[in-house]
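Report on the structure given below.
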Amino acid sequence: MRHFGHIAPEVRERLFHREPREFTADSPARLLSAALGATLYSPATRPRLAEDVLKQGARGVVSMVLCLEDSIDDAEVEAGEENLVRQLSDLAERSAADLPLLFVRVRTPEQIPDLVRRLGAAVRLLSGFVLPKFTQERGVPFLEALTVAEAAAGRRLFAMPVLESPELLYRESRVQTLEGIFRAVDKYRDRVLALRLGVTDFCSSYGLRRAPDMTAYDVQVVASVIADVVNMLGRADGTGFTVTGPVWEYFRVQERMFKPQLRQSPFLEVQAVELRQKLIEHSMDGLLREIALDRANGLLGKTCIHPSHVLPVHALSVVSHEEFSDAQDILRPERDGGGVLRSAYTNKMNEVKPHRAWAERTLLRAEAFGVANEDIGFVELLAAGLAD
């Protein structure tokens with residue numbers, strides 16, 4: 001699979017200076033953690049779950065979480081497990097290629113080896129498990145269960161812990177909780193693909209809910225947690241992990257109302273710009289601002305609960321030609337000694353040593369999401385995806 005792989009090759013050629021790299025569930029963890037993109041959540045109880053996975057994969061989704069936790073009622077867990085096993089077994093029988101990376105969000109550690117056993121050969125479709133309300137005390141049993149399940153499955157299975165507990169939110173216990181989380185995930189570093197932020201749970205502890213014109217960073221109690229998580233768990237010194245952006249809860253946009261017009265003339269500049277701007281203004285402004293702030297604060301990828309969120313996340317993850325040019329200049333072997341140089345775009349200073357970690361992360365993102373051509377920006381990438 002690859003990002004924007006659902007778009008025709010000739011369109012990708014027009015959009016990209018360097019196309020996104022192909023990857024599989026067996027690719028290096030470093031690439032997979034950067035390539036998660038918009039991770040789409042779906043309740044495991046959906047009666048057409050297998051069809052949903054195929055459909056979303058064909059539309060450009062590269063990672064999905066099939067949820068047995070907060071997205072379903074407590075009374076539905078047993079039925080959700082049965083449906084999950086049945087639907088994944090159906091998918092495995094089809095030998096479907098290019099499926100998204102699939103993860104299961106569980107409630108208890110015991111579910112992990114139990115589901116692996118019940119899936120049998122269909123476990124080959126799984127990339128891992130999402131671990132809820134993760135702290136050192138609650139999380140280690142999940143990671144131990146994953147280790148057992150991985151041995152039984154005979155394949156690599158990743159963990160994606162969700163940081164959403166009240167202990168992490170409350171100021172008096174935050175540092176101690178973060179230190180414990182680090183000890184747990186550091187011990188199982190090879191199995192931890194990314195850390196996910198549960199901002200909805202953070203807000204619930206204070207009876208808050210952000211409005212559609214506000215981002216998570218406008219809610220100061222939440223913003224402070226994000227800052228501390230990145231500070232202690234997202235460092236670029238080799239000790240950090242990929243931390244993904246919080247969920248966006250709103251999906252008022254009716255994306256299909258734009259598609260017929262875009263299909264008629266997807267690259268007529270005036271019409272395309274008008275339609276794209278209309279889409280952005282309709283209800284995406286808050287989401288787009290939050291994605292930009294995620295990136296500025298060191299987060300990569302995003303939890304999504306609606307398919308209309310996927311393309312904006314991916315379009316804003318593409319590396320611009322200017323970013324790519326700067327990153328390449330900074331990382332040239334002859335620059336190893338440091339120094340300062342003027343950007344090839346002649347609009348900024350590139351200081352080699354302080355900007356090196358940024359450049360390395362930028363080139364990793366370029367592998368996963370590609371590098372846009374010099375005259376291509378977010379709106380062109382968005383329009384191409386909607387027109388497909």
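We name chains A, B, ... following the order of the structure tokens; residues begin at 1 in each chain, and ligands are numbered from 1 as shown.
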As a list of chain:residue names, please: the residues near Phe23 (chain A) (cut-off 8 Å, only C-alpha atoms, same-chain neighbours under 4 positions excluded).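 Everything that qualifies: A:Met1, A:Arg2, A:Ser27, A:Leu32.
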Now that the selection is made, can you save its residues with N, CA, C and O atoms as a PDB file, in the first residue's frame?
```pdb
ATOM      1  N   MET A   1       0.849  -1.183   0.000  1.00  0.00           N
ATOM      2  CA  MET A   1       0.000   0.000   0.000  1.00  0.00           C
ATOM      3  C   MET A   1       0.890   1.239   0.000  1.00  0.00           C
ATOM      4  O   MET A   1       2.095   1.150   0.274  1.00  0.00           O
ATOM      5  N   ARG A   2       0.279   2.362  -0.327  1.00  0.00           N
ATOM      6  CA  ARG A   2       0.981   3.634  -0.226  1.00  0.00           C
ATOM      7  C   ARG A   2      -0.042   4.747  -0.101  1.00  0.00           C
ATOM      8  O   ARG A   2      -1.192   4.606  -0.540  1.00  0.00           O
ATOM      9  N   SER A  27       6.830  -3.823   6.931  1.00  0.00           N
ATOM     10  CA  SER A  27       7.861  -2.803   6.752  1.00  0.00           C
ATOM     11  C   SER A  27       8.463  -2.425   8.104  1.00  0.00           C
ATOM     12  O   SER A  27       7.886  -2.716   9.164  1.00  0.00           O
ATOM     13  N   LEU A  32       6.456   2.580   9.469  1.00  0.00           N
ATOM     14  CA  LEU A  32       5.039   2.376   9.753  1.00  0.00           C
ATOM     15  C   LEU A  32       4.514   3.405  10.742  1.00  0.00           C
ATOM     16  O   LEU A  32       3.393   3.897  10.609  1.00  0.00           O
TER      17      LEU A  32
END
```
Counting only C-alpha atoms, which residues of region 16-94 of chain A sit at most 10 Å from some atom of region 233-255 of chain A, and what is each one's closest atom pair with its distance in Å to one decimal, listed by chain and rising residue number, as a tab-separated table?
```
residue	atom	partner	partner_atom	distance
A:Arg30	CA	A:Thr242	CA	9.0
A:Ser33	CA	A:Thr242	CA	6.4
A:Ala34	CA	A:Thr242	CA	7.3
A:Leu36	CA	A:Thr244	CA	8.9
A:Gly37	CA	A:Thr244	CA	8.7
A:Ala38	CA	A:Gly245	CA	9.1
A:Thr39	CA	A:Thr244	CA	9.3
A:Leu40	CA	A:Val247	CA	9.7
A:Tyr41	CA	A:Val247	CA	9.8
```
Write to file, as a short mmCIF file (atom, residue, chain, number, x, y, z; two decimals), in the first residue's frame, the residues of the selection just made, with all heavy atoms.
```cif
data_model
loop_
_atom_site.label_atom_id
_atom_site.label_comp_id
_atom_site.auth_asym_id
_atom_site.auth_seq_id
_atom_site.Cartn_x
_atom_site.Cartn_y
_atom_site.Cartn_z
N ARG A 30 9.84 1.98 12.08
CA ARG A 30 10.09 3.41 11.96
C ARG A 30 9.25 4.02 10.84
O ARG A 30 8.67 5.09 11.00
CB ARG A 30 11.58 3.64 11.70
CG ARG A 30 12.00 5.11 11.58
CD ARG A 30 13.52 5.19 11.55
NE ARG A 30 13.97 6.56 11.33
CZ ARG A 30 14.22 7.09 10.14
NH1 ARG A 30 14.04 6.34 9.05
NH2 ARG A 30 14.63 8.33 10.02
N SER A 33 5.31 3.75 11.75
CA SER A 33 4.84 4.72 12.75
C SER A 33 4.62 6.08 12.13
O SER A 33 3.72 6.82 12.54
CB SER A 33 5.84 4.81 13.90
OG SER A 33 7.05 5.42 13.49
N ALA A 34 5.44 6.42 11.13
CA ALA A 34 5.26 7.70 10.44
C ALA A 34 4.13 7.65 9.44
O ALA A 34 3.51 8.67 9.14
CB ALA A 34 6.56 8.09 9.73
N LEU A 36 1.21 5.95 9.60
CA LEU A 36 -0.14 5.65 10.09
C LEU A 36 -1.17 6.62 9.56
O LEU A 36 -2.30 6.25 9.24
CB LEU A 36 -0.15 5.68 11.63
CG LEU A 36 0.52 4.51 12.33
CD1 LEU A 36 0.71 4.82 13.81
CD2 LEU A 36 -0.29 3.23 12.15
N GLY A 37 -0.81 7.90 9.49
CA GLY A 37 -1.71 8.91 8.94
C GLY A 37 -2.99 9.04 9.74
O GLY A 37 -2.98 9.02 10.98
N ALA A 38 -4.09 9.17 9.05
CA ALA A 38 -5.41 9.28 9.69
C ALA A 38 -5.89 7.87 10.04
O ALA A 38 -6.31 7.12 9.16
CB ALA A 38 -6.39 9.97 8.75
N THR A 39 -5.80 7.51 11.31
CA THR A 39 -6.20 6.17 11.74
C THR A 39 -7.70 6.19 12.02
O THR A 39 -8.17 6.84 12.95
CB THR A 39 -5.41 5.75 12.99
OG1 THR A 39 -4.02 5.75 12.68
CG2 THR A 39 -5.83 4.37 13.45
N LEU A 40 -8.44 5.48 11.18
CA LEU A 40 -9.90 5.52 11.23
C LEU A 40 -10.44 4.46 12.18
O LEU A 40 -10.14 3.27 12.04
CB LEU A 40 -10.47 5.30 9.82
CG LEU A 40 -11.98 5.41 9.66
CD1 LEU A 40 -12.46 6.82 9.97
CD2 LEU A 40 -12.39 5.01 8.24
N TYR A 41 -11.21 4.90 13.16
CA TYR A 41 -11.83 3.99 14.13
C TYR A 41 -13.19 3.52 13.62
O TYR A 41 -13.94 4.29 13.04
CB TYR A 41 -12.01 4.69 15.47
CG TYR A 41 -10.81 4.64 16.38
CD1 TYR A 41 -9.57 5.11 15.96
CD2 TYR A 41 -10.91 4.13 17.68
CE1 TYR A 41 -8.46 5.07 16.79
CE2 TYR A 41 -9.80 4.08 18.52
CZ TYR A 41 -8.58 4.56 18.07
OH TYR A 41 -7.48 4.51 18.90
#
```
Do you know which residues are at most 6 Å from region 373-386 of chain A counting only C-alpha atoms, after dropping those on the same chain fewer than 6 positions away, and could you put them as a list in words?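 Listing them by chain and then by number gives Leu15, Phe16, His17, Ala315 and His321 of chain A.
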Any chance you can output those residues with N, CA and C atoms as an mmCIF file, in the first residue's frame?
```
data_model
loop_
_atom_site.group_PDB
_atom_site.id
_atom_site.type_symbol
_atom_site.label_atom_id
_atom_site.label_comp_id
_atom_site.auth_asym_id
_atom_site.auth_seq_id
_atom_site.Cartn_x
_atom_site.Cartn_y
_atom_site.Cartn_z
ATOM 1 N N LEU A 15 1.175 15.640 -9.166
ATOM 2 C CA LEU A 15 1.151 16.194 -7.819
ATOM 3 C C LEU A 15 2.501 16.140 -7.113
ATOM 4 N N PHE A 16 3.271 15.063 -7.364
ATOM 5 C CA PHE A 16 4.405 14.774 -6.499
ATOM 6 C C PHE A 16 5.753 14.964 -7.186
ATOM 7 N N HIS A 17 6.642 15.627 -6.482
ATOM 8 C CA HIS A 17 8.056 15.665 -6.843
ATOM 9 C C HIS A 17 8.693 14.316 -6.526
ATOM 10 N N ALA A 315 -3.431 14.996 3.223
ATOM 11 C CA ALA A 315 -2.987 16.095 2.361
ATOM 12 C C ALA A 315 -2.060 17.048 3.119
ATOM 13 N N HIS A 321 7.634 21.017 -1.198
ATOM 14 C CA HIS A 321 8.908 21.054 -1.910
ATOM 15 C C HIS A 321 9.927 21.897 -1.147
#
```
Using only C-alpha atoms, which of the listed residues (A:Leu66, A:Ser317, A:His309, A:Glu13) sits closest to Asp52 (chain A)?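 Answer, going by the shortest atom-to-atom distance: A:Leu66.
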Can you check which residues of region 33-191 of chain A DSSP gives as strand (DSSP E) on the backbone and send them as an NGL selection string? :A and (38-43 or 63-67 or 101-105 or 126-131 or 158-163)
Would you mind listing what lies within 10 Å of region 355-358 of chain A as number ranges by chain, with only C-alpha atoms counted and same-chain residues fewer than 5 positions away left out? A: 235-237, 298, 323, 326-328, 330-331, 336, 338, 349-350, 363-364
Store the residues picked out above, limited to all heavy atoms, as a tab-separated table (two decimals), in the first residue's frame.
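So the final result, stored in again_28.tsv, reads:
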```
chain	number	residue	atom	x	y	z
A	235	ARG	N	10.58	12.95	22.51
A	235	ARG	CA	11.86	13.60	22.25
A	235	ARG	C	12.54	13.03	21.00
A	235	ARG	O	12.35	11.86	20.66
A	235	ARG	CB	12.78	13.47	23.47
A	235	ARG	CG	12.19	14.14	24.70
A	235	ARG	CD	13.06	13.99	25.94
A	235	ARG	NE	12.37	14.55	27.11
A	235	ARG	CZ	12.87	14.56	28.34
A	235	ARG	NH1	14.07	14.04	28.57
A	235	ARG	NH2	12.18	15.09	29.34
A	236	ALA	N	13.36	13.85	20.38
A	236	ALA	CA	14.04	13.47	19.13
A	236	ALA	C	15.46	12.99	19.38
A	236	ALA	O	16.27	12.95	18.46
A	236	ALA	CB	14.04	14.66	18.18
A	237	ASP	N	15.75	12.57	20.61
A	237	ASP	CA	17.10	12.14	20.95
A	237	ASP	C	17.27	10.62	20.92
A	237	ASP	O	18.27	10.08	21.39
A	237	ASP	CB	17.48	12.67	22.34
A	237	ASP	CG	16.55	12.16	23.45
A	237	ASP	OD1	15.61	11.40	23.13
A	237	ASP	OD2	16.76	12.53	24.62
A	298	GLY	N	4.69	18.66	17.45
A	298	GLY	CA	5.44	17.42	17.43
A	298	GLY	C	4.63	16.16	17.27
A	298	GLY	O	5.16	15.06	17.48
A	323	GLU	N	10.06	22.43	2.21
A	323	GLU	CA	10.53	21.68	3.37
A	323	GLU	C	11.56	20.64	2.95
A	323	GLU	O	12.60	20.45	3.61
A	323	GLU	CB	9.36	20.96	4.04
A	323	GLU	CG	8.38	21.84	4.78
A	323	GLU	CD	7.21	21.02	5.32
A	323	GLU	OE1	6.56	20.29	4.55
A	323	GLU	OE2	6.94	21.12	6.53
A	326	ASP	N	14.93	22.23	2.10
A	326	ASP	CA	15.66	22.62	3.31
A	326	ASP	C	16.23	21.40	4.03
A	326	ASP	O	17.38	21.41	4.49
A	326	ASP	CB	14.73	23.39	4.26
A	326	ASP	CG	14.40	24.78	3.76
A	326	ASP	OD1	15.18	25.33	2.95
A	326	ASP	OD2	13.36	25.33	4.18
A	327	ALA	N	15.41	20.35	4.17
A	327	ALA	CA	15.87	19.16	4.89
A	327	ALA	C	17.06	18.51	4.19
A	327	ALA	O	18.02	18.09	4.84
A	327	ALA	CB	14.72	18.16	5.02
A	328	GLN	N	17.00	18.42	2.88
A	328	GLN	CA	18.12	17.85	2.14
A	328	GLN	C	19.39	18.66	2.31
A	328	GLN	O	20.48	18.11	2.50
A	328	GLN	CB	17.77	17.74	0.66
A	328	GLN	CG	16.89	16.56	0.30
A	328	GLN	CD	16.87	16.30	-1.18
A	328	GLN	OE1	16.71	17.22	-1.99
A	328	GLN	NE2	17.06	15.06	-1.58
A	330	ILE	N	20.23	20.58	4.80
A	330	ILE	CA	20.73	20.46	6.19
A	330	ILE	C	21.46	19.14	6.39
A	330	ILE	O	22.47	19.07	7.12
A	330	ILE	CB	19.55	20.58	7.17
A	330	ILE	CG1	19.03	22.03	7.19
A	330	ILE	CG2	19.93	20.14	8.58
A	330	ILE	CD1	17.67	22.19	7.83
A	331	LEU	N	21.00	18.08	5.73
A	331	LEU	CA	21.55	16.74	5.96
A	331	LEU	C	22.63	16.34	4.97
A	331	LEU	O	23.08	15.19	4.98
A	331	LEU	CB	20.42	15.71	5.95
A	331	LEU	CG	19.41	15.84	7.08
A	331	LEU	CD1	18.28	14.83	6.91
A	331	LEU	CD2	20.07	15.67	8.44
A	336	ASP	N	28.09	18.07	8.00
A	336	ASP	CA	28.15	17.40	9.29
A	336	ASP	C	28.80	18.24	10.38
A	336	ASP	O	28.51	18.08	11.57
A	336	ASP	CB	28.91	16.07	9.17
A	336	ASP	CG	28.07	15.00	8.48
A	336	ASP	OD1	26.85	15.21	8.31
A	336	ASP	OD2	28.65	13.96	8.10
A	338	GLY	N	28.34	21.31	10.94
A	338	GLY	CA	27.46	22.39	11.40
A	338	GLY	C	27.51	23.60	10.49
A	338	GLY	O	27.83	23.51	9.30
A	349	MET	N	16.84	31.07	7.38
A	349	MET	CA	18.14	30.54	7.77
A	349	MET	C	17.98	29.07	8.15
A	349	MET	O	17.07	28.71	8.90
A	349	MET	CB	18.66	31.33	8.97
A	349	MET	CG	19.93	30.76	9.60
A	349	MET	SD	20.29	31.49	11.22
A	349	MET	CE	19.05	30.66	12.24
A	350	ASN	N	18.86	28.24	7.64
A	350	ASN	CA	18.93	26.84	8.05
A	350	ASN	C	20.20	26.66	8.87
A	350	ASN	O	21.32	26.76	8.34
A	350	ASN	CB	18.96	25.91	6.84
A	350	ASN	CG	17.62	25.83	6.16
A	350	ASN	OD1	16.58	25.94	6.79
A	350	ASN	ND2	17.62	25.64	4.84
A	363	LEU	N	12.32	14.11	6.38
A	363	LEU	CA	12.60	13.14	5.32
A	363	LEU	C	11.90	11.81	5.58
A	363	LEU	O	11.52	11.11	4.64
A	363	LEU	CB	14.10	12.93	5.17
A	363	LEU	CG	14.89	14.12	4.62
A	363	LEU	CD1	16.33	13.71	4.30
A	363	LEU	CD2	14.23	14.71	3.38
A	364	LEU	N	11.70	11.45	6.85
A	364	LEU	CA	10.91	10.25	7.15
A	364	LEU	C	9.46	10.46	6.74
A	364	LEU	O	8.84	9.57	6.14
A	364	LEU	CB	11.01	9.93	8.64
A	364	LEU	CG	10.21	8.71	9.12
A	364	LEU	CD1	10.65	7.44	8.40
A	364	LEU	CD2	10.35	8.54	10.63
```
Near-Asp70 (chain A) list (10 Å; only C-alpha atoms; drop same-chain fewer than 5 positions) as a list in words: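 These residues fall inside the cut-off: Pro43, Arg105, Val106, Arg107 and Pro132 of chain A.
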DSSP alpha helix (DSSP H) residues within region 34-275 of chain A, as an NGL selection string: :A and (34-35 or 49-58 or 77-94 or 111-119 or 136-153 or 166-169 or 171-187 or 199-204 or 220-233 or 259-264 or 269-275)
Quick one: residues within 9 Å of region 89-93 of chain A, only C-alpha atoms counted, chain neighbours fewer than 5 positions away excluded, as a list of chain:residue names?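 Skipping anything fewer than 5 positions along the chain leaves A:Ala50, A:Glu51, A:Val53, A:Leu54, A:Leu84, A:Leu119, A:Gly120, A:Ala121, A:Ala122, A:Val123, A:Arg124, A:Leu125.
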Please produce a file of those selected residues containing N, CA and C atoms, as a compact mmCIF listing (two decimals), in the first residue's frame.
```txt
# COMPACT_ATOMS: atom_id res chain seq x y z
N ALA A 50 -16.20 -6.21 7.32
CA ALA A 50 -15.25 -6.60 6.26
C ALA A 50 -15.39 -5.71 5.04
N GLU A 51 -16.63 -5.45 4.63
CA GLU A 51 -16.86 -4.57 3.49
C GLU A 51 -16.39 -3.15 3.78
N VAL A 53 -13.90 -2.26 5.71
CA VAL A 53 -12.44 -2.24 5.62
C VAL A 53 -11.99 -2.18 4.17
N LEU A 54 -12.59 -2.99 3.33
CA LEU A 54 -12.23 -2.98 1.90
C LEU A 54 -12.55 -1.63 1.27
N LEU A 84 -16.14 -9.55 15.12
CA LEU A 84 -14.78 -9.24 14.70
C LEU A 84 -14.09 -10.48 14.15
N LEU A 119 -8.89 -16.16 16.15
CA LEU A 119 -8.70 -15.76 14.75
C LEU A 119 -7.98 -16.82 13.94
N GLY A 120 -7.13 -17.59 14.57
CA GLY A 120 -6.40 -18.62 13.84
C GLY A 120 -5.56 -18.02 12.73
N ALA A 121 -5.69 -18.56 11.53
CA ALA A 121 -4.88 -18.09 10.40
C ALA A 121 -5.19 -16.65 10.03
N ALA A 122 -6.40 -16.17 10.37
CA ALA A 122 -6.79 -14.80 10.02
C ALA A 122 -6.00 -13.76 10.80
N VAL A 123 -5.23 -14.18 11.80
CA VAL A 123 -4.45 -13.23 12.58
C VAL A 123 -3.40 -12.54 11.70
N ARG A 124 -3.12 -13.12 10.53
CA ARG A 124 -2.15 -12.51 9.62
C ARG A 124 -2.60 -11.13 9.15
N LEU A 125 -3.90 -10.82 9.28
CA LEU A 125 -4.41 -9.52 8.87
C LEU A 125 -4.18 -8.46 9.93
```
Neighbours of Pro113 (chain A) within 7 Å (only C-alpha atoms; same-chain residues fewer than 2 positions away dropped), as a PDB file with N, CA, C and O atoms, in the first residue's frame?
```pdb
ATOM      1  N   GLU A 110      -6.649  -9.911  28.804  1.00  0.00           N
ATOM      2  CA  GLU A 110      -7.014 -11.288  28.453  1.00  0.00           C
ATOM      3  C   GLU A 110      -7.600 -11.395  27.048  1.00  0.00           C
ATOM      4  O   GLU A 110      -7.537 -12.466  26.425  1.00  0.00           O
ATOM      5  N   GLN A 111      -8.184 -10.306  26.554  1.00  0.00           N
ATOM      6  CA  GLN A 111      -8.768 -10.354  25.214  1.00  0.00           C
ATOM      7  C   GLN A 111      -7.719 -10.555  24.130  1.00  0.00           C
ATOM      8  O   GLN A 111      -8.020 -11.126  23.076  1.00  0.00           O
ATOM      9  N   LEU A 115      -8.347 -13.421  21.448  1.00  0.00           N
ATOM     10  CA  LEU A 115      -8.707 -13.074  20.072  1.00  0.00           C
ATOM     11  C   LEU A 115      -7.717 -13.661  19.071  1.00  0.00           C
ATOM     12  O   LEU A 115      -8.108 -14.135  17.994  1.00  0.00           O
ATOM     13  N   VAL A 116      -6.444 -13.653  19.415  1.00  0.00           N
ATOM     14  CA  VAL A 116      -5.443 -14.246  18.529  1.00  0.00           C
ATOM     15  C   VAL A 116      -5.730 -15.733  18.334  1.00  0.00           C
ATOM     16  O   VAL A 116      -5.661 -16.268  17.222  1.00  0.00           O
ATOM     17  N   ARG A 117      -6.073 -16.414  19.417  1.00  0.00           N
ATOM     18  CA  ARG A 117      -6.399 -17.843  19.321  1.00  0.00           C
ATOM     19  C   ARG A 117      -7.634 -18.058  18.455  1.00  0.00           C
ATOM     20  O   ARG A 117      -7.640 -18.937  17.578  1.00  0.00           O
ATOM     21  N   ALA A 145       0.619  -9.550  27.815  1.00  0.00           N
ATOM     22  CA  ALA A 145      -0.323 -10.375  27.052  1.00  0.00           C
ATOM     23  C   ALA A 145      -0.010 -10.310  25.560  1.00  0.00           C
ATOM     24  O   ALA A 145      -0.124 -11.316  24.845  1.00  0.00           O
ATOM     25  N   VAL A 148       2.866 -12.669  24.756  1.00  0.00           N
ATOM     26  CA  VAL A 148       2.402 -14.057  24.688  1.00  0.00           C
ATOM     27  C   VAL A 148       1.661 -14.306  23.374  1.00  0.00           C
ATOM     28  O   VAL A 148       1.883 -15.316  22.687  1.00  0.00           O
ATOM     29  N   ALA A 149       0.779 -13.371  23.014  1.00  0.00           N
ATOM     30  CA  ALA A 149      -0.018 -13.526  21.793  1.00  0.00           C
ATOM     31  C   ALA A 149       0.862 -13.493  20.551  1.00  0.00           C
ATOM     32  O   ALA A 149       0.617 -14.230  19.589  1.00  0.00           O
TER      33      ALA A 149
END
```
Which of A:Ala151, A:Leu102, A:Leu311, A:Glu334 sits closest to Ile7 (chain A) [using only C-alpha atoms]: A:Leu311
